[in-house]
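What's in protein-v2.cif: mmCIF, C-alpha atoms and all ligand atoms
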```
data_protein
#
loop_
_atom_site.label_atom_id
_atom_site.label_comp_id
_atom_site.auth_asym_id
_atom_site.auth_seq_id
_atom_site.Cartn_x
_atom_site.Cartn_y
_atom_site.Cartn_z
CA MET I 1 -15.50 7.38 26.71
CA ASN I 2 -17.29 8.04 23.47
CA LEU I 3 -15.14 6.29 20.91
CA GLN I 4 -16.21 8.73 18.19
CA ASP I 5 -14.49 11.55 19.96
CA VAL I 6 -10.85 10.71 20.43
CA LYS I 7 -9.21 14.09 20.78
CA THR I 8 -5.69 13.55 19.54
CA SER I 9 -4.22 16.78 20.91
CA GLU I 10 -5.74 16.19 24.36
CA LEU I 11 -4.29 12.69 24.54
CA VAL I 12 -0.90 13.90 23.39
CA LYS I 13 -0.99 16.49 26.19
CA LYS I 14 -2.45 14.12 28.83
CA TYR I 15 0.38 11.59 28.35
CA ASN I 16 3.04 14.21 27.56
CA PHE I 17 3.71 12.23 24.38
CA LYS I 18 6.86 13.14 22.46
CA PHE I 19 6.73 12.50 18.72
CA THR I 20 9.45 10.42 17.08
CA LYS I 21 10.06 11.75 13.58
CA SER I 22 11.91 8.64 12.43
CA LEU I 23 8.75 6.56 13.12
CA GLY I 24 6.71 8.68 10.70
CA GLN I 25 4.51 9.98 13.53
CA ASN I 26 2.01 12.48 12.13
CA PHE I 27 -1.24 12.02 14.05
CA LEU I 28 -4.64 13.00 12.68
CA VAL I 29 -6.35 15.90 14.41
CA ASP I 30 -9.07 16.67 11.84
CA THR I 31 -11.97 14.40 12.83
CA SER I 32 -13.42 14.33 9.30
CA VAL I 33 -10.43 12.35 8.03
CA PRO I 34 -10.75 9.17 10.15
CA ARG I 35 -14.49 9.16 9.35
CA ASP I 36 -13.79 9.42 5.63
CA ILE I 37 -11.17 6.67 5.86
CA VAL I 38 -13.63 4.30 7.57
CA GLU I 39 -16.38 5.24 5.05
CA GLY I 40 -13.97 4.82 2.14
CA ALA I 41 -12.87 1.42 3.42
CA GLU I 42 -16.56 0.38 3.64
CA VAL I 43 -15.93 -1.20 7.03
CA SER I 44 -18.84 -3.35 8.22
CA ASP I 45 -19.60 -5.41 11.31
CA ASP I 46 -18.49 -8.56 9.44
CA ASP I 47 -14.96 -7.26 9.07
CA LEU I 48 -11.73 -8.02 10.81
CA VAL I 49 -9.77 -4.80 10.41
CA ILE I 50 -6.00 -4.73 10.75
CA GLU I 51 -4.58 -1.30 11.49
CA ILE I 52 -0.88 -0.53 11.15
CA GLY I 53 0.34 2.28 13.42
CA PRO I 54 -2.65 3.23 15.63
CA GLY I 55 -0.80 6.14 17.28
CA VAL I 56 -2.99 7.30 20.19
CA GLY I 57 -5.99 5.49 18.68
CA THR I 58 -7.68 8.27 16.69
CA LEU I 59 -8.57 6.13 13.68
CA THR I 60 -8.77 2.98 15.81
CA ALA I 61 -11.72 4.38 17.77
CA GLN I 62 -13.68 4.98 14.56
CA LEU I 63 -12.81 1.50 13.31
CA LEU I 64 -13.98 -0.08 16.58
CA ASN I 65 -17.36 1.56 16.12
CA ARG I 66 -17.91 -0.22 12.80
CA ALA I 67 -15.83 -3.42 12.64
CA LYS I 68 -16.32 -6.86 14.16
CA ARG I 69 -12.75 -6.77 15.47
CA VAL I 70 -9.71 -4.50 15.20
CA VAL I 71 -6.16 -5.78 15.49
CA ALA I 72 -3.67 -2.90 15.66
CA ILE I 73 0.08 -3.23 15.20
CA GLU I 74 2.18 -0.52 16.85
CA LEU I 75 5.98 -0.35 17.04
CA ASP I 76 6.51 2.55 19.45
CA ASP I 77 6.94 1.37 23.08
CA LYS I 78 5.61 4.69 24.39
CA LEU I 79 2.25 4.25 22.67
CA ILE I 80 1.49 0.79 24.05
CA PRO I 81 0.45 1.86 27.60
CA ILE I 82 -1.54 4.80 26.17
CA LEU I 83 -3.52 2.54 23.84
CA GLN I 84 -4.01 -0.06 26.56
CA ASN I 85 -5.26 2.60 28.93
CA GLU I 86 -7.58 4.33 26.47
CA ILE I 87 -9.08 1.43 24.48
CA GLY I 88 -7.48 -1.72 25.89
CA ASN I 89 -10.64 -2.82 27.68
CA ASN I 90 -12.71 -2.86 24.48
CA PRO I 91 -13.35 -6.59 23.84
CA LYS I 92 -13.18 -6.00 20.06
CA PHE I 93 -9.64 -4.60 20.29
CA GLU I 94 -6.31 -6.42 20.16
CA LEU I 95 -2.91 -4.72 20.23
CA ILE I 96 0.27 -6.22 18.81
CA HIS I 97 3.53 -4.54 19.82
CA GLU I 98 5.68 -5.25 16.75
CA ASP I 99 7.23 -3.90 13.57
CA ALA I 100 4.51 -4.37 10.94
CA LEU I 101 7.14 -5.38 8.41
CA LYS I 102 8.02 -8.40 10.55
CA VAL I 103 4.48 -9.57 11.24
CA ASP I 104 3.15 -12.77 9.71
CA PHE I 105 -0.30 -11.50 8.77
CA ASN I 106 -1.57 -15.07 8.30
CA LYS I 107 -1.39 -15.48 12.08
CA ILE I 108 -3.77 -12.53 12.50
CA ILE I 109 -6.03 -13.40 9.57
CA GLY I 110 -6.46 -17.11 10.43
CA ASP I 111 -9.61 -18.28 8.65
CA GLU I 112 -11.38 -14.88 8.67
CA GLU I 113 -13.08 -14.22 5.32
CA ASN I 114 -13.56 -10.45 5.45
CA VAL I 115 -10.28 -8.82 6.20
CA LYS I 116 -9.51 -5.17 5.55
CA LEU I 117 -6.29 -3.34 6.26
CA VAL I 118 -6.90 0.29 7.17
CA ALA I 119 -4.10 2.65 8.14
CA ASN I 120 -2.61 6.08 8.23
CA LEU I 121 0.74 4.60 7.31
CA PRO I 122 4.09 5.80 8.57
CA TYR I 123 5.37 7.15 5.25
CA TYR I 124 8.89 5.74 5.56
CA VAL I 125 7.51 2.18 5.19
CA THR I 126 4.68 2.76 2.70
CA THR I 127 6.16 0.93 -0.26
CA PRO I 128 7.62 -2.02 1.70
CA ILE I 129 4.26 -2.55 3.43
CA ILE I 130 2.31 -2.44 0.17
CA ILE I 131 4.77 -4.86 -1.45
CA LYS I 132 4.61 -7.19 1.57
CA MET I 133 0.79 -7.22 1.60
CA LEU I 134 0.51 -7.88 -2.14
CA LYS I 135 3.38 -10.26 -2.76
CA GLU I 136 3.06 -12.48 0.32
CA GLY I 137 -0.39 -13.54 -0.88
CA TYR I 138 -2.41 -12.73 2.24
CA ASN I 139 -6.14 -13.28 2.07
CA PHE I 140 -7.35 -9.71 2.49
CA HIS I 141 -10.16 -7.88 0.73
CA SER I 142 -8.74 -4.38 0.55
CA LEU I 143 -6.10 -1.97 1.81
CA THR I 144 -7.35 1.53 2.58
CA ILE I 145 -4.29 3.58 3.36
CA MET I 146 -3.27 7.16 3.78
CA ILE I 147 0.00 7.72 1.99
CA GLN I 148 2.08 10.50 0.52
CA LYS I 149 0.29 12.14 -2.43
CA GLU I 150 3.14 11.41 -4.87
CA VAL I 151 3.12 7.70 -4.04
CA ALA I 152 -0.68 7.51 -4.46
CA GLU I 153 -0.37 9.19 -7.85
CA ARG I 154 2.26 6.68 -8.93
CA ILE I 155 0.08 3.78 -7.80
CA ASN I 156 -2.94 5.14 -9.65
CA ALA I 157 -1.17 6.19 -12.88
CA GLU I 158 -2.08 4.95 -16.36
CA PRO I 159 0.30 4.19 -19.25
CA GLY I 160 1.74 7.31 -20.85
CA HIS I 161 1.42 9.37 -17.66
CA LYS I 162 4.61 10.75 -16.11
CA ASP I 163 3.91 8.94 -12.82
CA TYR I 164 3.40 5.53 -14.47
CA GLY I 165 6.08 3.03 -13.50
CA ALA I 166 6.99 -0.21 -11.76
CA LEU I 167 4.91 0.61 -8.65
CA SER I 168 1.77 1.33 -10.76
CA LEU I 169 2.18 -2.01 -12.51
CA LEU I 170 2.89 -3.96 -9.33
CA VAL I 171 -0.22 -2.64 -7.58
CA GLN I 172 -2.48 -2.80 -10.65
CA TYR I 173 -1.42 -6.42 -11.25
CA TYR I 174 -3.06 -7.35 -7.94
CA CYS I 175 -5.67 -4.62 -7.33
CA ASN I 176 -8.20 -2.11 -8.56
CA THR I 177 -7.32 1.31 -7.18
CA GLU I 178 -9.54 4.16 -6.05
CA ILE I 179 -8.57 7.54 -4.63
CA ILE I 180 -10.82 8.34 -1.66
CA ARG I 181 -9.71 11.85 -0.74
CA LYS I 182 -6.86 14.32 -0.43
CA VAL I 183 -5.63 15.32 3.01
CA PRO I 184 -3.64 18.55 3.52
CA PRO I 185 -0.81 18.92 6.11
CA GLN I 186 -2.98 20.94 8.55
CA CYS I 187 -5.02 17.80 9.35
CA PHE I 188 -2.06 16.38 11.33
CA ILE I 189 0.17 17.11 14.32
CA PRO I 190 2.98 17.66 13.68
CA ARG I 191 2.29 18.81 10.12
CA PRO I 192 4.05 16.74 7.45
CA LYS I 193 5.86 18.58 4.65
CA VAL I 194 3.83 16.80 1.99
CA ASP I 195 0.19 16.40 0.96
CA SER I 196 -1.44 13.04 1.59
CA ILE I 197 -4.02 10.91 -0.16
CA VAL I 198 -6.31 8.16 1.09
CA ILE I 199 -6.40 5.40 -1.50
CA ARG I 200 -8.23 2.06 -1.52
CA LEU I 201 -6.67 -0.98 -3.16
CA ASP I 202 -9.25 -3.74 -3.79
CA ARG I 203 -7.55 -7.06 -4.28
CA LEU I 204 -8.59 -8.80 -7.51
CA LYS I 205 -9.65 -12.48 -7.30
CA GLU I 206 -7.03 -13.29 -9.94
CA PRO I 207 -4.11 -11.08 -11.01
CA ARG I 208 -5.10 -8.69 -13.81
CA VAL I 209 -3.04 -10.57 -16.41
CA ARG I 210 -1.93 -14.16 -16.65
CA VAL I 211 1.83 -14.64 -17.06
CA GLN I 212 3.93 -17.80 -17.44
CA ASN I 213 6.73 -16.58 -15.18
CA GLU I 214 5.81 -13.97 -12.59
CA LYS I 215 9.38 -13.29 -11.48
CA LEU I 216 10.51 -12.66 -15.05
CA PHE I 217 7.46 -10.41 -15.66
CA PHE I 218 8.40 -8.20 -12.69
CA ASP I 219 12.13 -8.28 -13.58
CA ILE I 220 11.28 -7.01 -17.08
CA ILE I 221 9.10 -4.27 -15.63
CA ARG I 222 11.78 -3.19 -13.16
CA ASN I 223 14.45 -3.14 -15.86
CA SER I 224 12.19 -1.21 -18.25
CA PHE I 225 11.81 1.62 -15.75
CA ASN I 226 15.36 1.56 -14.35
CA MET I 227 16.44 3.67 -17.24
CA ARG I 228 13.70 6.19 -17.79
CA ARG I 229 13.59 7.83 -21.22
CA LYS I 230 15.65 4.94 -22.57
CA THR I 231 14.21 2.40 -24.97
CA LEU I 232 12.77 -0.91 -23.83
CA TRP I 233 15.63 -2.60 -25.65
CA ASN I 234 18.25 -0.82 -23.57
CA GLY I 235 16.39 -1.65 -20.36
CA ILE I 236 15.88 -5.32 -21.14
CA LYS I 237 18.95 -6.26 -23.21
CA ASN I 238 20.70 -7.88 -20.22
CA ILE I 239 17.72 -9.98 -19.16
CA GLY I 240 19.56 -13.20 -20.11
CA LEU I 241 18.81 -13.81 -23.80
CA SER I 242 21.03 -13.57 -26.85
CA LYS I 243 20.48 -10.53 -29.09
CA GLU I 244 18.85 -12.74 -31.74
CA LYS I 245 16.47 -14.44 -29.31
CA LEU I 246 15.50 -11.15 -27.72
CA GLU I 247 14.79 -9.63 -31.14
CA LEU I 248 12.63 -12.65 -31.95
CA ALA I 249 10.71 -12.28 -28.66
CA PHE I 250 9.95 -8.61 -29.41
CA GLU I 251 8.86 -9.57 -32.92
CA LYS I 252 6.55 -12.34 -31.67
CA ALA I 253 5.10 -9.97 -29.07
CA ASP I 254 4.56 -7.40 -31.84
CA ILE I 255 6.19 -4.72 -29.69
CA ASP I 256 8.68 -2.21 -31.06
CA PRO I 257 11.87 -2.41 -28.92
CA LYS I 258 12.42 1.30 -29.51
CA ARG I 259 9.34 2.12 -27.42
CA ARG I 260 9.81 3.34 -23.85
CA GLY I 261 8.57 1.35 -20.85
CA GLU I 262 6.09 4.04 -19.80
CA THR I 263 4.09 3.54 -23.04
CA LEU I 264 3.36 -0.16 -22.43
CA SER I 265 0.10 -1.37 -20.87
CA ILE I 266 0.18 -4.19 -18.34
CA GLU I 267 -1.22 -6.51 -21.02
CA GLU I 268 1.67 -5.64 -23.35
CA PHE I 269 4.21 -6.30 -20.58
CA ALA I 270 2.54 -9.68 -20.02
CA VAL I 271 2.79 -10.65 -23.72
CA LEU I 272 6.41 -9.49 -23.90
CA ALA I 273 7.33 -11.41 -20.72
CA ASP I 274 5.73 -14.60 -22.07
CA LYS I 275 7.51 -14.32 -25.43
CA ILE I 276 10.84 -13.74 -23.66
CA ASN I 277 10.10 -16.66 -21.33
CA GLU I 278 9.42 -18.91 -24.33
CA GLU I 279 12.84 -18.07 -25.81
CA MET I 280 14.71 -18.84 -22.55
N1 LIG V 1 -3.10 6.14 13.23
C1 LIG V 1 -2.60 7.33 13.91
C2 LIG V 1 -3.31 8.54 13.35
O1 LIG V 1 -3.84 8.43 12.25
O2 LIG V 1 -3.33 9.56 14.00
C3 LIG V 1 -1.08 7.46 13.77
C4 LIG V 1 -0.53 7.41 12.35
S1 LIG V 1 1.19 7.82 12.25
C5 LIG V 1 1.25 8.45 10.58
C6 LIG V 1 2.02 6.28 12.02
C7 LIG V 1 2.04 5.33 13.21
O3 LIG V 1 2.77 4.14 12.84
C8 LIG V 1 2.73 5.84 14.46
O4 LIG V 1 1.95 5.53 15.58
C9 LIG V 1 4.07 5.07 14.51
O5 LIG V 1 4.57 4.90 15.81
C10 LIG V 1 3.66 3.76 13.91
N2 LIG V 1 4.75 3.00 13.27
C11 LIG V 1 5.87 3.47 12.69
N3 LIG V 1 6.59 2.49 12.14
C12 LIG V 1 5.91 1.33 12.39
C13 LIG V 1 6.15 -0.03 12.07
N4 LIG V 1 7.23 -0.40 11.38
N5 LIG V 1 5.24 -0.95 12.48
C14 LIG V 1 4.13 -0.58 13.17
N6 LIG V 1 3.85 0.70 13.49
C15 LIG V 1 4.73 1.66 13.11
#
```
Mind converting the file's structure to structure tokens?
Amino acid sequence: MNLQDVKTSELVKKYNFKFTKSLGQNFLVDTSVPRDIVEGAEVSDDDLVIEIGPGVGTLTAQLLNRAKRVVAIELDDKLIPILQNEIGNNPKFELIHEDALKVDFNKIIGDEENVKLVANLPYYVTTPIIIKMLKEGYNFHSLTIMIQKEVAERINAEPGHKDYGALSLLVQYYCNTEIIRKVPPQCFIPRPKVDSIVIRLDRLKEPRVRVQNEKLFFDIIRNSFNMRRKTLWNGIKNIGLSKEKLELAFEKADIDPKRRGETLSIEEFAVLADKINEEM
């Protein structure tokens, strides 16, 4: 079989595959999209590619044409025999039957240097997967993922923009972000109700800002956006400091507590977190 020509609809018909909505199953039928994902991910023959949710192998086939190895993690029992039958004999391919949220990616990565995660993610687990990949400190080069448009816009947002929030700051702390392309619902079967975006997150060698206490930094960010349109002061006042000490921390950080969280850059959050940490 020519791996460039996986015909999703034909495979769905051949195996009489029934989609499970709760598993976020929207398979790609427009062949330009997997090509653009692989291009956008800059997959080369040095790369170990990890794919989450291969479906019937539409994107997997394109990845196998370019990568050194592809390890795919699929949760749906019904897809395992299909994938084994269609691409299982490719020596570059390995299939893991597991929930991606439960996988220890270090076991897959081992001592590989060039590791890229590439996926058309099931949308119900987008944020948990991104958080897992970033916070568990895996040694990967980039994540190139297709996700819901709104989530991509939040990830990519700059201070002052309506979409800017805790998710933007979390991702931008660890990564540079680049939107690769938009993907409309008609590129999938069944069609999702939302538009999608392919975005690449390139992991920075060091986090974008240095902070004394990472947990406190993220707690402050979360609290600042818990109460949108409220002042920073109202968001952070219960962070664990007396009123006087918190006022002093704001003063030392040279940040007006009446500002709103969405106006602060990541650098300003870092300074504020350090000044609060110093008063603790
Ligand atoms: N890659 C295929 C494509 O582009 O056509 C399918 C993408 S579909 C949006 C998402 C895939 O993720 C499905 O195959 C689904 O069964 C699988 N999946 C859902 N939840 C999963 C999980 N927790 N871990 C691993 N795979 C999962």
> Which one is closest to Asn65 of chain I: I:Glu153, I:Glu278, I:Glu39, I:Asp163? Count only C-alpha atoms.
Replying inline: I:Glu39
Write out, as a tab-separated table, each residue of chain I that has an atom at most 9 Å from ligand LIG 1 (chain V), together with the closest pair of atoms and their distance in Å to one decimal, counting only C-alpha atoms and all ligand atoms, rows going by chain and rising number.
```
residue	atom	partner	partner_atom	distance
I:Thr8	CA	V:LIG1	O2	7.2
I:Phe19	CA	V:LIG1	O5	8.4
I:Thr20	CA	V:LIG1	O5	7.5
I:Ser22	CA	V:LIG1	C11	8.0
I:Leu23	CA	V:LIG1	C11	4.2
I:Gly24	CA	V:LIG1	C6	5.4
I:Gln25	CA	V:LIG1	S1	4.2
I:Asn26	CA	V:LIG1	C5	4.4
I:Phe27	CA	V:LIG1	O2	3.2
I:Leu28	CA	V:LIG1	O2	3.9
I:Val29	CA	V:LIG1	O2	7.0
I:Val33	CA	V:LIG1	O1	8.8
I:Pro34	CA	V:LIG1	O1	7.3
I:Glu51	CA	V:LIG1	N1	7.8
I:Ile52	CA	V:LIG1	C14	5.4
I:Gly53	CA	V:LIG1	O3	3.1
I:Pro54	CA	V:LIG1	N1	3.8
I:Gly55	CA	V:LIG1	O4	3.3
I:Val56	CA	V:LIG1	C1	6.3
I:Gly57	CA	V:LIG1	C1	6.1
I:Thr58	CA	V:LIG1	O2	5.3
I:Leu59	CA	V:LIG1	O1	5.5
I:Thr60	CA	V:LIG1	N1	7.0
I:Ala72	CA	V:LIG1	C14	8.5
I:Ile73	CA	V:LIG1	C14	5.2
I:Glu74	CA	V:LIG1	N6	3.9
I:Leu75	CA	V:LIG1	N6	4.3
I:Asp76	CA	V:LIG1	O5	4.7
I:Asp77	CA	V:LIG1	O5	8.4
I:Lys78	CA	V:LIG1	O5	8.6
I:Leu79	CA	V:LIG1	O4	7.2
I:Ile96	CA	V:LIG1	C14	8.9
I:His97	CA	V:LIG1	C14	7.8
I:Glu98	CA	V:LIG1	N5	6.1
I:Asp99	CA	V:LIG1	N5	3.7
I:Ala100	CA	V:LIG1	N5	3.8
I:Leu101	CA	V:LIG1	N4	5.8
I:Lys102	CA	V:LIG1	N4	8.1
I:Val103	CA	V:LIG1	N5	8.7
I:Ala119	CA	V:LIG1	N1	6.3
I:Asn120	CA	V:LIG1	C4	4.8
I:Leu121	CA	V:LIG1	C5	5.1
I:Pro122	CA	V:LIG1	C6	4.1
I:Tyr123	CA	V:LIG1	C5	6.9
I:Tyr124	CA	V:LIG1	N3	7.7
I:Val125	CA	V:LIG1	N4	6.7
I:Ile129	CA	V:LIG1	N4	8.8
I:Met146	CA	V:LIG1	C5	8.3
I:Ile147	CA	V:LIG1	C5	8.7
I:Phe188	CA	V:LIG1	O2	7.4
I:Ile189	CA	V:LIG1	O2	8.3
```
> Between atom CA of Glu136 of chain I and atom CA of Ala152 of chain I, what is the distance, to one decimal in Å?
Replying inline: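 Spanning atom CA of Glu136 of chain I to atom CA of Ala152 of chain I is a straight-line distance of 20.9 Å.
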>> Considering only C-alpha atoms, can you say which of I:Glu262, I:Glu94, I:Glu158, I:Glu10 comes closest to Arg229 of chain I?
In response: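 Selected residue with least distance to Arg229 of chain I: I:Glu262.
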>> Quick one: residues within 7 Å of segment 236-252 of chain I, only C-alpha atoms, excluding same-chain residues fewer than 3 positions away - as a ChimeraX atom specification?
In response: /I:220,223-224,232-233,255-257,272,275-276,279-280
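Between atom CA of Leu134 of chain I and atom CA of Leu170 of chain I there is a distance of 8.5 Å.
Here atom CA of Ser44 of chain I and atom CA of Asp111 of chain I stand 17.6 Å from one another.
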>> When you count all atoms listed in the file, which of these residues is closest to Lys230 of chain I: I:Gly160, I:Glu214, I:Val151, I:Lys258?
In response: I:Lys258
So for segment 123-126 of chain I, what box centre and size do we get, axis-aligned, 6 Å extra on each of the six sides, every listed atom, Å to one decimal, as lines of an AutoDock Vina configuration file?
```
center_x = 6.8
center_y = 4.7
center_z = 4.1
size_x = 16.2
size_y = 17.0
size_z = 14.9
```
> Of the residues I:Thr231, I:Asn176, I:Ser142, I:Asn16, which is the one nearest to Asn156 of chain I, using all atoms listed in the file?
Replying inline: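 Going through I:Thr231, I:Asn176, I:Ser142, I:Asn16 one by one, the smallest distance to Asn156 of chain I is for I:Asn176.
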